[in-house]
file upload-v3.pdb (PDB, C-alpha atoms)
MODEL        1
ATOM      1  CA  GLN A  17     -13.967   6.728  11.183  1.00  0.00           C
ATOM      2  CA  VAL A  18     -11.738   6.555   8.147  1.00  0.00           C
ATOM      3  CA  GLN A  19     -12.665   4.732   4.972  1.00  0.00           C
ATOM      4  CA  LEU A  20     -10.013   3.494   2.580  1.00  0.00           C
ATOM      5  CA  VAL A  21     -10.591   2.260  -0.956  1.00  0.00           C
ATOM      6  CA  GLU A  22      -7.800   0.663  -2.957  1.00  0.00           C
ATOM      7  CA  SER A  23      -7.614   0.295  -6.714  1.00  0.00           C
ATOM      8  CA  GLY A  24      -5.119  -0.564  -9.425  1.00  0.00           C
ATOM      9  CA  GLY A  25      -4.562  -4.249  -8.821  1.00  0.00           C
ATOM     10  CA  GLY A  26      -4.636  -6.811 -11.595  1.00  0.00           C
ATOM     11  CA  LEU A  27      -2.701  -9.387 -13.546  1.00  0.00           C
ATOM     12  CA  VAL A  28       0.752  -8.513 -14.826  1.00  0.00           C
ATOM     13  CA  GLN A  29       3.653 -10.472 -16.255  1.00  0.00           C
ATOM     14  CA  ALA A  30       6.914 -10.791 -14.390  1.00  0.00           C
ATOM     15  CA  GLY A  31       9.054  -7.737 -14.956  1.00  0.00           C
ATOM     16  CA  GLY A  32       6.033  -5.510 -15.402  1.00  0.00           C
ATOM     17  CA  SER A  33       4.685  -2.615 -13.367  1.00  0.00           C
ATOM     18  CA  LEU A  34       1.507  -1.633 -11.603  1.00  0.00           C
ATOM     19  CA  ARG A  35       0.424   1.445  -9.691  1.00  0.00           C
ATOM     20  CA  LEU A  36      -1.875   1.040  -6.737  1.00  0.00           C
ATOM     21  CA  SER A  37      -3.970   3.871  -5.357  1.00  0.00           C
ATOM     22  CA  CYS A  38      -5.798   4.244  -2.077  1.00  0.00           C
ATOM     23  CA  VAL A  39      -8.242   7.049  -1.400  1.00  0.00           C
ATOM     24  CA  ALA A  40      -9.016   7.955   2.189  1.00  0.00           C
ATOM     25  CA  SER A  41     -12.201   9.637   3.353  1.00  0.00           C
ATOM     26  CA  GLY A  42     -13.894  10.428   6.629  1.00  0.00           C
ATOM     27  CA  SER A  43     -12.200  11.742   9.774  1.00  0.00           C
ATOM     28  CA  ILE A  44      -8.777  12.368   8.260  1.00  0.00           C
ATOM     29  CA  PHE A  45      -6.270  14.576  10.013  1.00  0.00           C
ATOM     30  CA  SER A  46      -3.282  16.192   8.378  1.00  0.00           C
ATOM     31  CA  ILE A  47      -0.851  14.360  10.644  1.00  0.00           C
ATOM     32  CA  ASN A  48      -1.011  10.664   9.948  1.00  0.00           C
ATOM     33  CA  VAL A  49       0.837   7.724   8.513  1.00  0.00           C
ATOM     34  CA  LEU A  50      -0.285   5.991   5.347  1.00  0.00           C
ATOM     35  CA  GLY A  51       1.072   2.802   3.959  1.00  0.00           C
ATOM     36  CA  TRP A  52       0.663  -0.625   2.493  1.00  0.00           C
ATOM     37  CA  TYR A  53       0.726  -4.179   3.726  1.00  0.00           C
ATOM     38  CA  ARG A  54       0.396  -7.273   1.609  1.00  0.00           C
ATOM     39  CA  GLN A  55      -0.733 -10.818   2.183  1.00  0.00           C
ATOM     40  CA  ALA A  56       0.369 -13.592  -0.111  1.00  0.00           C
ATOM     41  CA  PRO A  57      -1.654 -16.816  -0.384  1.00  0.00           C
ATOM     42  CA  GLY A  58      -1.114 -18.942   2.708  1.00  0.00           C
ATOM     43  CA  LYS A  59       1.084 -16.351   4.407  1.00  0.00           C
ATOM     44  CA  GLN A  60       0.694 -13.731   7.080  1.00  0.00           C
ATOM     45  CA  ARG A  61       0.131 -10.111   6.255  1.00  0.00           C
ATOM     46  CA  GLU A  62       3.454  -8.315   5.958  1.00  0.00           C
ATOM     47  CA  TRP A  63       4.334  -4.669   6.070  1.00  0.00           C
ATOM     48  CA  THR A  64       5.428  -3.280   2.689  1.00  0.00           C
ATOM     49  CA  ALA A  65       5.863   0.493   2.754  1.00  0.00           C
ATOM     50  CA  THR A  66       5.011   3.615   4.742  1.00  0.00           C
ATOM     51  CA  VAL A  67       4.878   7.342   4.117  1.00  0.00           C
ATOM     52  CA  THR A  68       4.408   9.904   6.870  1.00  0.00           C
ATOM     53  CA  SER A  69       2.539  13.165   6.557  1.00  0.00           C
ATOM     54  CA  GLY A  70       5.942  14.835   6.309  1.00  0.00           C
ATOM     55  CA  GLY A  71       6.873  12.710   3.329  1.00  0.00           C
ATOM     56  CA  SER A  72       9.341  10.341   4.968  1.00  0.00           C
ATOM     57  CA  THR A  73       9.231   6.886   3.429  1.00  0.00           C
ATOM     58  CA  SER A  74      10.335   3.421   4.471  1.00  0.00           C
ATOM     59  CA  TYR A  75      10.227   0.051   2.737  1.00  0.00           C
ATOM     60  CA  ALA A  76      10.473  -3.617   3.463  1.00  0.00           C
ATOM     61  CA  ASP A  77      13.744  -5.066   2.231  1.00  0.00           C
ATOM     62  CA  SER A  78      11.857  -7.304  -0.179  1.00  0.00           C
ATOM     63  CA  VAL A  79      10.555  -4.321  -2.170  1.00  0.00           C
ATOM     64  CA  LYS A  80      13.250  -1.704  -1.635  1.00  0.00           C
ATOM     65  CA  GLY A  81      14.505  -0.316  -4.924  1.00  0.00           C
ATOM     66  CA  ARG A  82      11.503  -1.652  -6.835  1.00  0.00           C
ATOM     67  CA  PHE A  83       8.498  -0.055  -5.124  1.00  0.00           C
ATOM     68  CA  THR A  84       7.884   3.628  -4.504  1.00  0.00           C
ATOM     69  CA  ILE A  85       5.297   4.973  -2.097  1.00  0.00           C
ATOM     70  CA  SER A  86       3.969   8.496  -2.375  1.00  0.00           C
ATOM     71  CA  ARG A  87       1.019  10.550  -1.224  1.00  0.00           C
ATOM     72  CA  ASP A  88      -1.077  13.447  -2.423  1.00  0.00           C
ATOM     73  CA  ASN A  89      -2.423  15.180   0.656  1.00  0.00           C
ATOM     74  CA  ALA A  90      -4.776  17.364  -1.347  1.00  0.00           C
ATOM     75  CA  LYS A  91      -6.440  14.236  -2.709  1.00  0.00           C
ATOM     76  CA  ASN A  92      -6.106  12.166   0.492  1.00  0.00           C
ATOM     77  CA  THR A  93      -4.519   9.497  -1.651  1.00  0.00           C
ATOM     78  CA  VAL A  94      -1.543   7.208  -1.210  1.00  0.00           C
ATOM     79  CA  TYR A  95       0.105   5.444  -4.125  1.00  0.00           C
ATOM     80  CA  LEU A  96       2.346   2.439  -4.520  1.00  0.00           C
ATOM     81  CA  GLN A  97       4.311   2.290  -7.751  1.00  0.00           C
ATOM     82  CA  MET A  98       5.511  -1.265  -8.239  1.00  0.00           C
ATOM     83  CA  ASN A  99       8.209  -2.010 -10.797  1.00  0.00           C
ATOM     84  CA  SER A 100      10.141  -5.131 -11.716  1.00  0.00           C
ATOM     85  CA  LEU A 101       7.379  -7.292 -10.336  1.00  0.00           C
ATOM     86  CA  ASN A 102       8.005 -10.981  -9.791  1.00  0.00           C
ATOM     87  CA  PRO A 103       5.688 -13.872  -8.868  1.00  0.00           C
ATOM     88  CA  GLU A 104       6.666 -13.510  -5.200  1.00  0.00           C
ATOM     89  CA  ASP A 105       4.899 -10.139  -5.216  1.00  0.00           C
ATOM     90  CA  THR A 106       1.570 -11.862  -5.825  1.00  0.00           C
ATOM     91  CA  ALA A 107      -0.657 -10.855  -2.911  1.00  0.00           C
ATOM     92  CA  VAL A 108      -3.622  -8.870  -1.774  1.00  0.00           C
ATOM     93  CA  TYR A 109      -2.376  -5.364  -1.065  1.00  0.00           C
ATOM     94  CA  TYR A 110      -4.015  -3.445   1.756  1.00  0.00           C
ATOM     95  CA  CYS A 111      -3.572   0.230   2.460  1.00  0.00           C
ATOM     96  CA  TYR A 112      -3.766   1.561   5.991  1.00  0.00           C
ATOM     97  CA  HIS A 113      -4.184   4.846   7.827  1.00  0.00           C
ATOM     98  CA  LEU A 114      -2.577   5.278  11.238  1.00  0.00           C
ATOM     99  CA  MET A 115      -3.213   8.223  13.526  1.00  0.00           C
ATOM    100  CA  GLY A 116      -3.302   8.516  17.276  1.00  0.00           C
ATOM    101  CA  GLY A 117      -2.664   4.823  17.711  1.00  0.00           C
ATOM    102  CA  ILE A 118      -5.726   3.854  15.692  1.00  0.00           C
ATOM    103  CA  ILE A 119      -5.296   1.990  12.431  1.00  0.00           C
ATOM    104  CA  TYR A 120      -7.829   1.666   9.658  1.00  0.00           C
ATOM    105  CA  TRP A 121      -7.621  -0.767   6.774  1.00  0.00           C
ATOM    106  CA  GLY A 122      -8.904  -0.901   3.259  1.00  0.00           C
ATOM    107  CA  LYS A 123     -10.445  -4.072   1.858  1.00  0.00           C
ATOM    108  CA  GLY A 124      -7.481  -4.783  -0.383  1.00  0.00           C
ATOM    109  CA  THR A 125      -6.711  -5.123  -4.069  1.00  0.00           C
ATOM    110  CA  LEU A 126      -5.326  -8.282  -5.643  1.00  0.00           C
ATOM    111  CA  VAL A 127      -2.065  -8.229  -7.544  1.00  0.00           C
ATOM    112  CA  THR A 128      -1.155 -11.342  -9.507  1.00  0.00           C
ATOM    113  CA  VAL A 129       2.224 -11.634 -11.191  1.00  0.00           C
ATOM    114  CA  SER A 130       2.588 -14.403 -13.746  1.00  0.00           C
ATOM    115  CA  SER A 131       5.918 -15.979 -14.611  1.00  0.00           C
TER
ENDMDL
END
call {"tool": "encode", "arguments": {"input": "upload-v3.pdb", "output": "structure tokens"}}
result
Amino acid sequence: QVQLVESGGGLVQAGGSLRLSCVASGSIFSINVLGWYRQAPGKQREWTATVTSGGSTSYADSVKGRFTISRDNAKNTVYLQMNSLNPEDTAVYYCYHLMGGIIYWGKGTLVTVSS
């Protein structure tokens, strides 16, 4: 089992920044994939960003150039730096841990961007 706890969400004005964190605990292996999904009100959950254990990153087109994902393996933590936020980024952000075909989810943190 892997437990994931997100933090860092909140209310921010358009154009502002937030940094999300997600701490993983439990049966964590060094080779895994960490990342973020988000779910806006009334919409399906959508993939946002991923970082592999080797440090390779990928982003959804909607956040590319504005969001940066990173990880600290020593702290079992994944981060999502979000800049130039706009109201369309309003969503619950969920981190995930993927290893061996098994995915674990955090409970999410709410990000609200006001116009």
call {"tool": "residues_around", "arguments": {"input": "upload-v3.pdb", "residues": "segment 128-131 of chain A", "least_positions_apart": "6", "cutoff": "8 Å", "atoms": "only C-alpha atoms", "output": "ChimeraX atom specification"}}
result
/A:25-30,101-107
call {"tool": "resolve_selection", "arguments": {"input": "upload-v3.pdb", "expression": "the PyMOL selection byres ((chain A and resi 81) around 12)", "output": "number ranges by chain"}}
result
A: 65, 74-80, 82-85, 97-101
call {"tool": "closest_residue", "arguments": {"input": "upload-v3.pdb", "among": "A:Ile118, A:Lys59, A:Tyr95, A:Tyr109", "to": "Cys38 of chain A", "atoms": "only C-alpha atoms"}}
result
A:Tyr95
call {"tool": "resolve_selection", "arguments": {"input": "upload-v3.pdb", "expression": "the PyMOL selection byres ((chain A and resi 44-54) around 8)", "output": "ChimeraX atom specification"}}
result
/A:18,40-43,55-56,61-69,85,89,94,96,107-116
call {"tool": "atom_distance", "arguments": {"input": "upload-v3.pdb", "atom1": "atom CA of Glu22 of chain A", "atom2": "atom CA of Thr125 of chain A"}}
result
6.0 Å
call {"tool": "atom_distance", "arguments": {"input": "upload-v3.pdb", "atom1": "atom CA of Gly70 of chain A", "atom2": "atom CA of Ala90 of chain A"}}
result
13.4 Å
call {"tool": "atom_distance", "arguments": {"input": "upload-v3.pdb", "atom1": "atom CA of Thr93 of chain A", "atom2": "atom CA of Ser37 of chain A"}}
result
6.8 Å
call {"tool": "axis_aligned_box", "arguments": {"input": "upload-v3.pdb", "around": "segment 87-98 of chain A", "padding_each_side": "3 Å", "output": "AutoDock Vina command-line options"}}
result
--center_x -0.5 --center_y 8.0 --center_z -3.8 --size_x 18.0 --size_y 24.6 --size_z 14.9
